[in-house]
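Here the structure comes first, spelled out in structure tokens, and everything after it is commentary.
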Amino acid sequence: MAKSPETEHPNKAFGWAARDKSGVLSPFHFSRRDNGENDVTVKILYCGVCHTDLHTIKNDWGYSYYPVVPGHEIVGIATKVGKNVTKFKEGDRVGVGVITGSCQSCESCDQDLENYCPQMSFTYNAIGSDGTKNYGGYSETIVVDQRFVLRFPEGLPSDSGAPLLCAGITVYSPMKYYGMTEPGKHLGVAGLGGLGHVAVKIGKAFGLKVTVISSSPDKEDEAINRLGADSFLVSSDPRKMKVAINTMDYIIDTVSAVHALYPLLGLLKVNGKLVTLGLPEKPLELPIFPLVLGRKMVGGSDVGGMKETQEMLDFCANHNITSDIELIKMDEINTAMERLAKSDVRYRFVIDVANSLSPP
Amino acid sequence: MGKVLEKEAFGLATKDESGVLSPFRFSRRETGEKDVRFKVLFCGICHTDLSMAKNIWGFTTYPLVPGHEIVGVVTEVGAKVTKFNAGDKVGVGYMSSSCRSCDSCSDGQENYCPKMILTSGAKYYDDTMTHGGYSDHMVCEEDYIIRIPENLPLDAAAPLLCAGVTVYSPIKYHGLDKPGMHIGVVGLGGLGHVAVKFAKAMGTKVTVISTSESKKDEAINHLGADAFLVSRDPEQMKDAMETMDGIIDTVSATHPLLPLLGLLRYKGILVMVGAPEKPLELPVMPLIFGRKMVVGSMIGGIKETQDMMDLAGKHSITADIELISADYVSTAMERLEKADVRYRFVIDVGNTLKPAP
């Protein structure tokens, strides 16, 4: 007989879970494994709310295994470390991101690309290497193999640094991989949300000229005066879009709804690169002529490996890059999700887990 | 009628969107100091000729003399020409001039120059329209002329000037030329069959991906492909998932990208060299979860075209052609529309093109 979430592991755990595709989150008792010799147990302080959390609790992609405890932008304190753990000690401030497992022996893993390992497992809504379901960071504690735990740099605040664990690496990794870091080049950031606002900051830190491309004219002031973008392009204004044709070297496309690629491809110069990071439910329309006539590229990227994620955190700490957040209590999460669905957040909700999550 | 230039010429032109070709007299400029004049011996028929003849893309100016896979023998060179002499075997491809000073031109990528001038159907600096290789002779700037290796038969080398460089350029640019890599080629037509030959010459393993079994024997026994995959067979496609480093997609019709993306390994590259008119559906998840890319490519720069031609000479690579006479061109165009050719028509211009009476 299958064990229940409460009994499958020896240690009681508590968090909030969604139980069906209504996506409504509520208190949930489950259990966590003992701290193994390679493990770090993390008392969770903060957890960012990523758009993926919303997609998953609503089963937008059709592979949610309820109950789902979301959360993969986790910052906390190591409370236990296994005897083989060398990188961390009790009391260290650590982070856990999108991935908590991989085979650790394939070509991808050997190249520090755990995110592309065919046996990679996500922090939540996935089956871990012990065959049980992974529960994420909307919970008090989490037990993670040391390979998937990150050192949180001095100077990076726990609350506003938490979203970097997904949003940060999601934009940093493709910018490095696709060579979108040459100072002086022109980066377009499509969409100004959790990913987009971090892309602006990281882009500026790389010395790029940054233009935000958005359908909301009211974000212009924020984009330029607060986030530091050099210019702002309203994508629904055909005249402005026409003037900007053939001006950008790179575009980071963070828009998660279905949207038109044709106008974005037009903004790119010859050899321009567009990286698509949002995960719309339906395919996008890809016009081929612009790609052919301008040797342009559309590529994808999926978070980053552990080594690169650590590099990104250190980079952000050095450049004082954090996420702009709205701190919420655990019991405000359902309202936050409704607001997130309407993009009504500047720019990431972060749950103050340690101070607001307590079993009833 | 247009401006009259110094030298008489004749060829075949389309006069309207019917695309029907008929004899046409026109004129070409005198050989300028940096020009090379050559007698046309052969000209390949590219699918683009058909699209331009029928104004499918909406920018054709009539009358249009098509043809941009042109080979012949040099008859005269201008005073400042250094690279060619009368008697040389040369060719010209899709472009015959560019600005020479933009980033693209400086990078040997004249094909992406915003002022690139097409060999057929574009406005030249003297305000006349360029007329292509379905004609008795050409005069072109030296910098855009390609030398044909001595050992290559001219008729079968002609299509390389467009089809050859179109597949060669992205294979090199995206690093898909490393021995041992696995390259897929979608569509076995003018571009596809040449892609197989070049990819094999570079030491890669090649799988042809086609909608039907009918071309399997050709692909493997004649063109040298290592494997053949029927894209409509789910079992075959499933077995081949995540096995390819790159795919050269030569198909111009609308077709699904999802199965092709599935064939690519992590960081695989799907190169689009066919030009479907309507957008294709792009499922984003396969791109994201495998860090894969879809890229486009159009012909190649001049140096690249020469490199490609030299490689073809080294490995004796030519196109598989059906040589036709000038009065068969219209029929050939109809057959081309139905993909009824193995794999490129080439017009025997030198022997069969006659001026209108």
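Letters A, B, ... go to the chains of the structure tokens in the order shown; residues in each chain start at 1; ligands are counted from 1 in the same order.
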Please build the interface table for chain B against chain A with a cut-off of 8 Å, listing for each qualifying residue the nearest atom pair and the distance in Å to one decimal; count only C-alpha atoms, order rows by chain and increasing number, and write it as a tab-separated table.
residue	atom	partner	partner_atom	distance
B:Tyr112	CA	A:Gly294	CA	6.3
B:Tyr266	CA	A:Tyr116	CA	7.2
B:Met272	CA	A:Val292	CA	6.8
B:Val273	CA	A:Val292	CA	6.6
B:Ala275	CA	A:Phe289	CA	6.1
B:Pro276	CA	A:Ile288	CA	6.5
B:Glu277	CA	A:Phe289	CA	7.3
B:Lys278	CA	A:Pro287	CA	6.6
B:Pro279	CA	A:Pro287	CA	3.9
B:Leu280	CA	A:Leu286	CA	5.1
B:Glu281	CA	A:Glu285	CA	4.8
B:Leu282	CA	A:Leu284	CA	5.0
B:Pro283	CA	A:Pro283	CA	4.1
B:Val284	CA	A:Pro283	CA	6.1
B:Met285	CA	A:Leu279	CA	6.6
B:Leu287	CA	A:Gly300	CA	4.5
B:Ile288	CA	A:Gly300	CA	4.0
B:Phe289	CA	A:Asp302	CA	5.6
B:Gly290	CA	A:Tyr116	CA	6.5
B:Arg291	CA	A:Ser301	CA	4.6
B:Lys292	CA	A:Gly299	CA	5.7
B:Met293	CA	A:Gly299	CA	4.0
B:Val294	CA	A:Val298	CA	5.2
B:Val295	CA	A:Met297	CA	4.3
B:Gly296	CA	A:Val292	CA	3.9
B:Ser297	CA	A:Val292	CA	4.4
B:Met298	CA	A:Val292	CA	5.4
Could you write those residues out with N, CA, C and O atoms, as an mmCIF file, in the first residue's frame?
data_model
loop_
_atom_site.group_PDB
_atom_site.id
_atom_site.type_symbol
_atom_site.label_atom_id
_atom_site.label_comp_id
_atom_site.auth_asym_id
_atom_site.auth_seq_id
_atom_site.Cartn_x
_atom_site.Cartn_y
_atom_site.Cartn_z
ATOM 1 N N TYR B 112 24.703 39.389 -46.595
ATOM 2 C CA TYR B 112 23.817 40.057 -45.628
ATOM 3 C C TYR B 112 23.958 41.577 -45.671
ATOM 4 O O TYR B 112 23.395 42.283 -44.847
ATOM 5 N N TYR B 266 20.885 17.718 -27.106
ATOM 6 C CA TYR B 266 21.147 18.931 -26.339
ATOM 7 C C TYR B 266 22.045 19.858 -27.194
ATOM 8 O O TYR B 266 22.968 19.394 -27.828
ATOM 9 N N MET B 272 17.423 26.545 -41.008
ATOM 10 C CA MET B 272 16.378 26.707 -42.023
ATOM 11 C C MET B 272 17.009 27.347 -43.260
ATOM 12 O O MET B 272 17.445 28.502 -43.194
ATOM 13 N N VAL B 273 17.074 26.588 -44.353
ATOM 14 C CA VAL B 273 17.540 27.197 -45.605
ATOM 15 C C VAL B 273 16.425 27.218 -46.654
ATOM 16 O O VAL B 273 16.522 27.914 -47.643
ATOM 17 N N ALA B 275 12.561 28.346 -47.528
ATOM 18 C CA ALA B 275 11.891 29.575 -47.113
ATOM 19 C C ALA B 275 10.383 29.457 -47.212
ATOM 20 O O ALA B 275 9.777 29.976 -48.141
ATOM 21 N N PRO B 276 9.784 28.767 -46.238
ATOM 22 C CA PRO B 276 8.319 28.696 -46.265
ATOM 23 C C PRO B 276 7.744 30.101 -46.169
ATOM 24 O O PRO B 276 8.261 30.934 -45.414
ATOM 25 N N GLU B 277 6.678 30.361 -46.928
ATOM 26 C CA GLU B 277 6.131 31.725 -46.917
ATOM 27 C C GLU B 277 5.385 32.035 -45.648
ATOM 28 O O GLU B 277 5.399 33.156 -45.159
ATOM 29 N N LYS B 278 4.679 31.009 -45.143
ATOM 30 C CA LYS B 278 3.894 31.254 -43.929
ATOM 31 C C LYS B 278 4.742 30.882 -42.716
ATOM 32 O O LYS B 278 5.589 30.012 -42.778
ATOM 33 N N PRO B 279 4.478 31.543 -41.584
ATOM 34 C CA PRO B 279 5.218 31.178 -40.379
ATOM 35 C C PRO B 279 4.985 29.718 -40.006
ATOM 36 O O PRO B 279 3.928 29.154 -40.311
ATOM 37 N N LEU B 280 5.964 29.121 -39.363
ATOM 38 C CA LEU B 280 5.816 27.749 -38.887
ATOM 39 C C LEU B 280 5.521 27.786 -37.391
ATOM 40 O O LEU B 280 5.880 28.734 -36.701
ATOM 41 N N GLU B 281 4.931 26.716 -36.906
ATOM 42 C CA GLU B 281 4.673 26.633 -35.460
ATOM 43 C C GLU B 281 5.951 26.288 -34.738
ATOM 44 O O GLU B 281 6.604 25.290 -35.065
ATOM 45 N N LEU B 282 6.282 27.093 -33.753
ATOM 46 C CA LEU B 282 7.486 26.831 -32.969
ATOM 47 C C LEU B 282 7.097 26.450 -31.550
ATOM 48 O O LEU B 282 6.694 27.313 -30.760
ATOM 49 N N PRO B 283 7.200 25.151 -31.227
ATOM 50 C CA PRO B 283 6.964 24.780 -29.830
ATOM 51 C C PRO B 283 8.195 25.182 -29.035
ATOM 52 O O PRO B 283 9.314 24.823 -29.384
ATOM 53 N N VAL B 284 7.976 25.942 -27.973
ATOM 54 C CA VAL B 284 9.104 26.551 -27.288
ATOM 55 C C VAL B 284 9.790 25.606 -26.305
ATOM 56 O O VAL B 284 11.002 25.659 -26.094
ATOM 57 N N MET B 285 9.014 24.715 -25.709
ATOM 58 C CA MET B 285 9.612 23.835 -24.685
ATOM 59 C C MET B 285 10.813 23.036 -25.173
ATOM 60 O O MET B 285 11.814 22.966 -24.459
ATOM 61 N N LEU B 287 12.977 23.828 -27.285
ATOM 62 C CA LEU B 287 14.127 24.730 -27.381
ATOM 63 C C LEU B 287 14.711 24.958 -26.003
ATOM 64 O O LEU B 287 15.928 24.974 -25.803
ATOM 65 N N ILE B 288 13.807 25.174 -25.051
ATOM 66 C CA ILE B 288 14.242 25.528 -23.711
ATOM 67 C C ILE B 288 14.868 24.343 -23.005
ATOM 68 O O ILE B 288 15.959 24.450 -22.440
ATOM 69 N N PHE B 289 14.221 23.196 -23.070
ATOM 70 C CA PHE B 289 14.716 22.068 -22.279
ATOM 71 C C PHE B 289 15.971 21.439 -22.855
ATOM 72 O O PHE B 289 16.637 20.673 -22.194
ATOM 73 N N GLY B 290 16.312 21.757 -24.076
ATOM 74 C CA GLY B 290 17.542 21.197 -24.624
ATOM 75 C C GLY B 290 18.521 22.254 -25.072
ATOM 76 O O GLY B 290 19.522 21.952 -25.719
ATOM 77 N N ARG B 291 18.218 23.523 -24.759
ATOM 78 C CA ARG B 291 19.057 24.654 -25.194
ATOM 79 C C ARG B 291 19.327 24.540 -26.697
ATOM 80 O O ARG B 291 20.447 24.618 -27.180
ATOM 81 N N LYS B 292 18.238 24.356 -27.438
ATOM 82 C CA LYS B 292 18.379 24.174 -28.883
ATOM 83 C C LYS B 292 18.106 25.496 -29.601
ATOM 84 O O LYS B 292 17.565 26.432 -29.022
ATOM 85 N N MET B 293 18.517 25.549 -30.875
ATOM 86 C CA MET B 293 18.337 26.796 -31.625
ATOM 87 C C MET B 293 17.718 26.524 -32.977
ATOM 88 O O MET B 293 17.990 25.494 -33.594
ATOM 89 N N VAL B 294 16.977 27.511 -33.457
ATOM 90 C CA VAL B 294 16.532 27.518 -34.854
ATOM 91 C C VAL B 294 17.191 28.725 -35.494
ATOM 92 O O VAL B 294 17.089 29.833 -34.974
ATOM 93 N N VAL B 295 17.917 28.515 -36.582
ATOM 94 C CA VAL B 295 18.628 29.619 -37.230
ATOM 95 C C VAL B 295 18.282 29.628 -38.708
ATOM 96 O O VAL B 295 17.892 28.606 -39.269
ATOM 97 N N GLY B 296 18.454 30.786 -39.312
ATOM 98 C CA GLY B 296 18.236 30.861 -40.758
ATOM 99 C C GLY B 296 19.556 31.121 -41.449
ATOM 100 O O GLY B 296 20.533 31.525 -40.827
ATOM 101 N N SER B 297 19.590 30.882 -42.742
ATOM 102 C CA SER B 297 20.805 31.167 -43.481
ATOM 103 C C SER B 297 20.473 31.382 -44.942
ATOM 104 O O SER B 297 19.526 30.771 -45.459
ATOM 105 N N MET B 298 21.226 32.264 -45.584
ATOM 106 C CA MET B 298 20.967 32.594 -46.985
ATOM 107 C C MET B 298 22.285 32.655 -47.755
ATOM 108 O O MET B 298 23.157 33.463 -47.412
#
Picked from segment 52-263 of chain A by DSSP as strand (DSSP E or B), as a count of residues only
50
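Computed from the coordinates, the atom CA of Asp314 of chain A to atom CA of Pro163 of chain A distance equals 14.1 Å.
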Please list as a compact mmCIF listing (two decimals) with all heavy atoms, in the first residue's frame every residue within 8 Å of Ile325 of chain A, counting only C-alpha atoms and excluding residues in the same chain fewer than 4 positions away.
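Saved as result_5.txt:
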# COMPACT_ATOMS: atom_id res chain seq x y z
N ASP A 159 16.24 37.98 1.24
CA ASP A 159 14.90 38.10 0.67
C ASP A 159 14.94 38.53 -0.79
O ASP A 159 14.39 37.86 -1.66
CB ASP A 159 14.01 39.02 1.52
CG ASP A 159 14.63 40.40 1.77
OD1 ASP A 159 15.78 40.64 1.34
OD2 ASP A 159 13.97 41.22 2.43
N SER A 160 15.66 39.61 -1.08
CA SER A 160 15.66 40.09 -2.47
C SER A 160 16.66 39.33 -3.33
O SER A 160 16.67 39.48 -4.55
CB SER A 160 15.92 41.59 -2.51
OG SER A 160 17.14 41.87 -1.87
N ARG A 346 5.54 44.23 -8.74
CA ARG A 346 6.83 44.84 -9.13
C ARG A 346 7.93 44.17 -8.29
O ARG A 346 8.25 44.68 -7.22
CB ARG A 346 6.83 46.35 -8.82
CG ARG A 346 5.84 47.19 -9.62
CD ARG A 346 6.23 47.31 -11.09
NE ARG A 346 5.81 48.58 -11.69
CZ ARG A 346 4.80 48.76 -12.54
NH1 ARG A 346 4.03 47.75 -12.86
NH2 ARG A 346 4.55 49.97 -13.02
N TYR A 347 8.62 43.18 -8.66
CA TYR A 347 8.45 42.31 -9.82
C TYR A 347 8.42 40.85 -9.42
O TYR A 347 8.26 39.98 -10.25
CB TYR A 347 9.57 42.56 -10.83
CG TYR A 347 9.44 43.89 -11.52
CD1 TYR A 347 10.15 45.00 -11.08
CD2 TYR A 347 8.56 44.06 -12.58
CE1 TYR A 347 10.02 46.23 -11.69
CE2 TYR A 347 8.42 45.27 -13.20
CZ TYR A 347 9.16 46.36 -12.75
OH TYR A 347 9.03 47.57 -13.36
N ARG A 348 8.65 40.55 -8.15
CA ARG A 348 8.60 39.19 -7.66
C ARG A 348 7.98 39.22 -6.26
O ARG A 348 8.38 40.04 -5.41
CB ARG A 348 10.01 38.68 -7.52
CG ARG A 348 10.56 37.38 -8.07
CD ARG A 348 9.76 36.48 -8.86
NE ARG A 348 10.56 35.39 -9.42
CZ ARG A 348 10.44 34.94 -10.66
NH1 ARG A 348 9.56 35.48 -11.49
NH2 ARG A 348 11.17 33.93 -11.09
N PHE A 349 7.03 38.31 -6.01
CA PHE A 349 6.62 38.09 -4.63
C PHE A 349 7.66 37.18 -3.98
O PHE A 349 8.17 36.24 -4.63
CB PHE A 349 5.26 37.38 -4.57
CG PHE A 349 4.12 38.24 -5.01
CD1 PHE A 349 3.44 37.97 -6.19
CD2 PHE A 349 3.70 39.33 -4.24
CE1 PHE A 349 2.37 38.75 -6.60
CE2 PHE A 349 2.64 40.12 -4.64
CZ PHE A 349 1.98 39.84 -5.83
N VAL A 350 7.97 37.46 -2.71
CA VAL A 350 8.83 36.55 -1.95
C VAL A 350 8.10 36.25 -0.64
O VAL A 350 7.64 37.18 0.06
CB VAL A 350 10.22 37.17 -1.67
CG1 VAL A 350 11.02 36.31 -0.69
CG2 VAL A 350 10.99 37.32 -2.98
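Interatomic distance, atom CA of Asp324 of chain A to atom CA of Gly196 of chain A: 11.1 Å.
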Write out as a list in words the residues lying within 7 Å of Trp16 of chain A, counting only C-alpha atoms and excluding same-chain residues fewer than 6 positions away.
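Contacts, in chain order: Leu25, Ser26, Pro27, Phe28, Val69, Tyr138 and Ser139 of chain A.
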Identify, on the basis of only C-alpha atoms, every residue whose closest approach to Pro10 of chain A does not exceed 7 Å; exclude the query and any residue fewer than 3 positions from it along the same chain; express the result as a list in words.
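Surrounding residues, per the criterion: Thr7, Ser31, Arg32, Arg33 and Asp34 of chain A.
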Every residue of segment 132-356 of chain A that DSSP places in helix (DSSP H, G or I), as a PyMOL selection string:
chain A and resi 146-148+158-165+167-177+194-205+217-226+238-243+262-267+288-294+306-318+330-341+353-356
Restricting it to C-alpha atoms, dump the selection as a PDB file, in the first residue's frame.
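So the final result, stored in result11.pdb, reads:
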ATOM      1  CA  GLN A 146      25.125  19.212  -1.365  1.00  0.00           C
ATOM      2  CA  ARG A 147      25.759  19.371  -5.114  1.00  0.00           C
ATOM      3  CA  PHE A 148      22.494  21.286  -5.516  1.00  0.00           C
ATOM      4  CA  SER A 158      18.312  36.732   1.598  1.00  0.00           C
ATOM      5  CA  ASP A 159      14.896  38.101   0.675  1.00  0.00           C
ATOM      6  CA  SER A 160      15.659  40.086  -2.467  1.00  0.00           C
ATOM      7  CA  GLY A 161      18.391  37.663  -3.484  1.00  0.00           C
ATOM      8  CA  ALA A 162      16.098  34.634  -3.433  1.00  0.00           C
ATOM      9  CA  PRO A 163      14.531  35.188  -6.881  1.00  0.00           C
ATOM     10  CA  LEU A 164      17.978  35.133  -8.467  1.00  0.00           C
ATOM     11  CA  LEU A 165      17.967  31.383  -7.893  1.00  0.00           C
ATOM     12  CA  ALA A 167      15.011  34.367 -12.480  1.00  0.00           C
ATOM     13  CA  GLY A 168      18.656  35.339 -12.188  1.00  0.00           C
ATOM     14  CA  ILE A 169      20.178  32.163 -13.593  1.00  0.00           C
ATOM     15  CA  THR A 170      17.463  31.880 -16.239  1.00  0.00           C
ATOM     16  CA  VAL A 171      18.671  35.102 -17.854  1.00  0.00           C
ATOM     17  CA  TYR A 172      22.359  34.906 -16.918  1.00  0.00           C
ATOM     18  CA  SER A 173      22.970  31.467 -18.432  1.00  0.00           C
ATOM     19  CA  PRO A 174      21.784  32.194 -22.002  1.00  0.00           C
ATOM     20  CA  MET A 175      23.443  35.585 -21.978  1.00  0.00           C
ATOM     21  CA  LYS A 176      26.763  33.847 -21.381  1.00  0.00           C
ATOM     22  CA  TYR A 177      26.094  30.824 -23.603  1.00  0.00           C
ATOM     23  CA  GLY A 194      10.262  38.693 -12.742  1.00  0.00           C
ATOM     24  CA  LEU A 195      12.709  37.648 -15.464  1.00  0.00           C
ATOM     25  CA  GLY A 196      12.696  40.873 -17.415  1.00  0.00           C
ATOM     26  CA  HIS A 197      13.604  43.241 -14.619  1.00  0.00           C
ATOM     27  CA  VAL A 198      16.547  41.035 -13.622  1.00  0.00           C
ATOM     28  CA  ALA A 199      17.641  40.833 -17.279  1.00  0.00           C
ATOM     29  CA  VAL A 200      17.790  44.642 -17.394  1.00  0.00           C
ATOM     30  CA  LYS A 201      20.018  44.777 -14.329  1.00  0.00           C
ATOM     31  CA  ILE A 202      22.308  41.968 -15.490  1.00  0.00           C
ATOM     32  CA  GLY A 203      22.468  43.448 -18.984  1.00  0.00           C
ATOM     33  CA  LYS A 204      23.560  46.807 -17.613  1.00  0.00           C
ATOM     34  CA  ALA A 205      26.138  45.075 -15.418  1.00  0.00           C
ATOM     35  CA  PRO A 217       3.574  52.195 -21.622  1.00  0.00           C
ATOM     36  CA  ASP A 218       3.167  52.819 -17.907  1.00  0.00           C
ATOM     37  CA  LYS A 219       6.277  50.776 -17.148  1.00  0.00           C
ATOM     38  CA  GLU A 220       8.542  53.250 -18.930  1.00  0.00           C
ATOM     39  CA  ASP A 221       9.347  55.420 -15.950  1.00  0.00           C
ATOM     40  CA  GLU A 222      10.260  52.400 -13.799  1.00  0.00           C
ATOM     41  CA  ALA A 223      12.297  50.829 -16.565  1.00  0.00           C
ATOM     42  CA  ILE A 224      14.434  53.873 -17.155  1.00  0.00           C
ATOM     43  CA  ASN A 225      14.590  55.658 -13.857  1.00  0.00           C
ATOM     44  CA  ARG A 226      14.605  52.809 -11.436  1.00  0.00           C
ATOM     45  CA  PRO A 238       3.940  50.422 -34.846  1.00  0.00           C
ATOM     46  CA  ARG A 239       5.720  53.690 -35.560  1.00  0.00           C
ATOM     47  CA  LYS A 240       8.168  53.330 -32.697  1.00  0.00           C
ATOM     48  CA  MET A 241       8.733  49.667 -33.533  1.00  0.00           C
ATOM     49  CA  LYS A 242       9.488  50.627 -37.155  1.00  0.00           C
ATOM     50  CA  VAL A 243      12.115  53.136 -36.128  1.00  0.00           C
ATOM     51  CA  TYR A 262       7.834  38.658 -36.095  1.00  0.00           C
ATOM     52  CA  PRO A 263       8.114  42.207 -34.688  1.00  0.00           C
ATOM     53  CA  LEU A 264      10.860  41.145 -32.274  1.00  0.00           C
ATOM     54  CA  LEU A 265      12.872  39.478 -35.038  1.00  0.00           C
ATOM     55  CA  GLY A 266      12.592  42.706 -37.017  1.00  0.00           C
ATOM     56  CA  LEU A 267      14.308  44.595 -34.204  1.00  0.00           C
ATOM     57  CA  ILE A 288      11.230  31.910 -41.389  1.00  0.00           C
ATOM     58  CA  PHE A 289      12.064  34.692 -43.852  1.00  0.00           C
ATOM     59  CA  PRO A 290      13.519  37.050 -41.229  1.00  0.00           C
ATOM     60  CA  LEU A 291      15.736  34.235 -39.967  1.00  0.00           C
ATOM     61  CA  VAL A 292      16.958  33.379 -43.453  1.00  0.00           C
ATOM     62  CA  LEU A 293      17.432  36.914 -44.737  1.00  0.00           C
ATOM     63  CA  GLY A 294      19.337  38.056 -41.659  1.00  0.00           C
ATOM     64  CA  MET A 306      25.101  24.516 -10.387  1.00  0.00           C
ATOM     65  CA  LYS A 307      28.546  25.959 -11.045  1.00  0.00           C
ATOM     66  CA  GLU A 308      27.057  28.638 -13.266  1.00  0.00           C
ATOM     67  CA  THR A 309      24.326  29.411 -10.743  1.00  0.00           C
ATOM     68  CA  GLN A 310      26.998  30.011  -8.099  1.00  0.00           C
ATOM     69  CA  GLU A 311      28.886  32.193 -10.565  1.00  0.00           C
ATOM     70  CA  MET A 312      25.712  34.166 -11.206  1.00  0.00           C
ATOM     71  CA  LEU A 313      25.083  34.701  -7.488  1.00  0.00           C
ATOM     72  CA  ASP A 314      28.628  35.940  -7.007  1.00  0.00           C
ATOM     73  CA  PHE A 315      28.295  38.195 -10.065  1.00  0.00           C
ATOM     74  CA  CYS A 316      25.072  39.680  -8.704  1.00  0.00           C
ATOM     75  CA  ALA A 317      26.593  40.175  -5.265  1.00  0.00           C
ATOM     76  CA  ASN A 318      29.553  42.008  -6.845  1.00  0.00           C
ATOM     77  CA  MET A 330       2.444  32.573   3.598  1.00  0.00           C
ATOM     78  CA  ASP A 331      -1.286  33.035   4.039  1.00  0.00           C
ATOM     79  CA  GLU A 332      -1.295  35.801   1.429  1.00  0.00           C
ATOM     80  CA  ILE A 333      -0.070  33.416  -1.251  1.00  0.00           C
ATOM     81  CA  ASN A 334      -3.402  32.825  -2.979  1.00  0.00           C
ATOM     82  CA  THR A 335      -4.001  36.527  -3.423  1.00  0.00           C
ATOM     83  CA  ALA A 336      -0.420  36.884  -4.630  1.00  0.00           C
ATOM     84  CA  MET A 337      -1.009  34.164  -7.231  1.00  0.00           C
ATOM     85  CA  GLU A 338      -4.103  35.966  -8.513  1.00  0.00           C
ATOM     86  CA  ARG A 339      -2.108  39.152  -8.803  1.00  0.00           C
ATOM     87  CA  LEU A 340       0.786  37.345 -10.468  1.00  0.00           C
ATOM     88  CA  ALA A 341      -1.629  36.002 -13.082  1.00  0.00           C
ATOM     89  CA  VAL A 353       8.569  31.736   5.210  1.00  0.00           C
ATOM     90  CA  ALA A 354      10.375  31.733   8.537  1.00  0.00           C
ATOM     91  CA  ASN A 355       8.195  34.463   9.972  1.00  0.00           C
ATOM     92  CA  SER A 356       4.833  33.439   8.614  1.00  0.00           C
TER      93      SER A 356
END
Contacts of Gly350 of chain B at 7 Å (only C-alpha atoms; same-chain gap of 5+ positions) as JSON, numbers by chain
{"B": [40, 41, 42]}
For the residues in that selection, give me C-alpha atoms as an mmCIF file, in the first residue's frame.
data_model
loop_
_atom_site.group_PDB
_atom_site.id
_atom_site.type_symbol
_atom_site.label_atom_id
_atom_site.label_comp_id
_atom_site.auth_asym_id
_atom_site.auth_seq_id
_atom_site.Cartn_x
_atom_site.Cartn_y
_atom_site.Cartn_z
ATOM 1 C CA VAL B 40 27.571 31.750 -70.396
ATOM 2 C CA LEU B 41 27.849 28.019 -70.970
ATOM 3 C CA PHE B 42 25.466 26.680 -68.317
#
Looking at B:Leu50, B:Ala312, B:Arg29, B:Pro149, which one is nearest to Tyr125 of chain B, with distances taken over only C-alpha atoms?
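Checking each candidate against Tyr125 of chain B, we get B:Arg29 as the closest.
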Could you give me, as an NGL selection string, the residues within 7 Å of Gly268 of chain B, counting only C-alpha atoms and dropping anything in the same chain fewer than 3 positions from it?
:B and (244-246 or 264-265 or 292-293)
Take atom CA of Ser316 of chain B and atom CA of Tyr173 of chain B and report the distance between them in Å, one decimal.
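Going from atom CA of Ser316 of chain B over to atom CA of Tyr173 of chain B, I get 22.2 Å.
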